[in-house]
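J.: After the structure tokens below, expect a handful of questions from me.
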Amino acid sequence: MLNTKAEAYQLLSCLGASERLLTHVKLVGEAAELLISNFEDMDVQFDANLIRLGTAIHDAGKILHPHELDGPGSMHEPAGEKMLLAQGVQAAAARCCVTHAQWQHGDLSLEELAVAAADKLWKGKREAELELKLIQAIALQKQVDHWDVFTRLDDVFETIAADGSERLQRSRLVTIS
């Protein structure tokens, strides 16, 4: 069971995560923190710790499939979930290994959508369909028109994405998703 992102980073290190992978998940975490802060300002009901843990471990499977750090591939997704579950990580957090990339399928929680969005936004990429799913989840929860949420979150998404080049530069990576 993980309680903090520091514990998550420690677990990844113990499992053999490279510095590149640790840097990546921390940069995704920066984007997630900006989402969390805005959700709090909007009085959204959500589990901030699940978002933090999900972003910290979402690419754990790249420990087992390091070629996917630089290239395409989805083997790391189920492998990461399986590896983390074997380590006693709570299922909701481990599931983010799969849902961060497969957000188009199934009924995802607001937290899972936020992890997936942070994984796009950290590098400056906007994913309209994913952002809309997140906006709709919040609008439904708050029982407001989706345009009320869209107006606020579109600005947030743009602000996070605008710093993507700087985060990419700090990562010293060209492609990690």
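As shown in the structure tokens, the chain order sets the letters A, B, ...; within each chain, residues go from 1, and ligands are also counted from 1 in the order they appear.
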Name the residues in contact with segment 105-108 of chain A at a cut-off of 12 Å, using only C-alpha atoms, excluding same-chain residues fewer than 5 positions from it; report them as a list in words.
T.: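 Counting only C-alpha atoms, the residues come to Ala92, Arg95, Cys96, Val98, Thr99, His100, Leu113, Ala114, Val115, Ala116, Glu129, Leu130, Lys133, Leu134, Gln136 and Ala137 of chain A.
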J.: What's the 12 Å shell around Asn49 of chain A, counting only C-alpha atoms, without same-chain residues fewer than 6 positions away, as an MDAnalysis selection string?
T.: chainID A and resid 2:8 29 32:33 36 55:56 92:93 111:112 114:115
J.: Next, write the just-selected residues to a file, as an mmCIF file, in the first residue's frame, keeping C-alpha atoms as the atom set.
T.:
data_model
loop_
_atom_site.group_PDB
_atom_site.id
_atom_site.type_symbol
_atom_site.label_atom_id
_atom_site.label_comp_id
_atom_site.auth_asym_id
_atom_site.auth_seq_id
_atom_site.Cartn_x
_atom_site.Cartn_y
_atom_site.Cartn_z
ATOM 1 C CA LEU A 2 1.357 3.394 -1.005
ATOM 2 C CA ASN A 3 0.427 6.487 0.975
ATOM 3 C CA THR A 4 2.547 9.243 -0.577
ATOM 4 C CA LYS A 5 4.211 10.032 -3.860
ATOM 5 C CA ALA A 6 7.567 9.907 -2.029
ATOM 6 C CA GLU A 7 6.786 6.274 -1.169
ATOM 7 C CA ALA A 8 5.829 5.675 -4.791
ATOM 8 C CA GLY A 29 3.418 15.123 -11.326
ATOM 9 C CA ALA A 32 -0.951 16.955 -12.025
ATOM 10 C CA GLU A 33 -0.361 19.333 -9.110
ATOM 11 C CA ILE A 36 -5.236 19.353 -8.387
ATOM 12 C CA THR A 55 1.007 10.026 -11.817
ATOM 13 C CA ALA A 56 3.947 8.796 -9.746
ATOM 14 C CA ALA A 92 -7.044 1.987 -7.924
ATOM 15 C CA ALA A 93 -3.521 3.428 -8.160
ATOM 16 C CA GLU A 111 -8.806 10.796 -10.990
ATOM 17 C CA GLU A 112 -7.837 8.433 -13.812
ATOM 18 C CA ALA A 114 -6.665 13.617 -14.523
ATOM 19 C CA VAL A 115 -3.630 11.270 -14.558
#
J.: Smallest atom-to-atom distance to His24 of chain A: which of A:Asn38, A:Leu168, A:Leu140, A:Arg52, using only C-alpha atoms?
T.: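 Once distances to His24 of chain A are computed over only C-alpha atoms, the minimum belongs to A:Leu168.
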J.: Given only C-alpha atoms as the basis, pick out the residue of A:Leu85, A:Met42, A:Cys97, A:Ala31 nearest to Ala118 of chain A.
T.: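 The answer is A:Ala31, which sits nearest to Ala118 of chain A.
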J.: Would you kindly return, as a list of chain:residue names, each protein, DNA or RNA residue with an atom no farther than 10 Å from any atom of Ser74 of chain A, considering only C-alpha atoms and excluding same-chain residues fewer than 6 positions away?
T.: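 These residues fall inside the cut-off: A:Gly61, A:Lys62, A:His65, A:Glu68, A:Val98, A:Ala101, A:Gln102.
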J.: Save the residues we just selected, C-alpha atoms, as a CSV table (one decimal), in the first residue's frame?
T.:
chain,number,residue,atom,x,y,z
A,61,GLY,CA,5.9,-0.9,-16.5
A,62,LYS,CA,8.7,0.8,-18.4
A,65,HIS,CA,10.0,-2.6,-20.9
A,68,GLU,CA,9.3,2.0,-24.4
A,98,VAL,CA,-3.3,1.0,-18.0
A,101,ALA,CA,-2.9,5.4,-22.0
A,102,GLN,CA,-6.3,3.7,-22.6
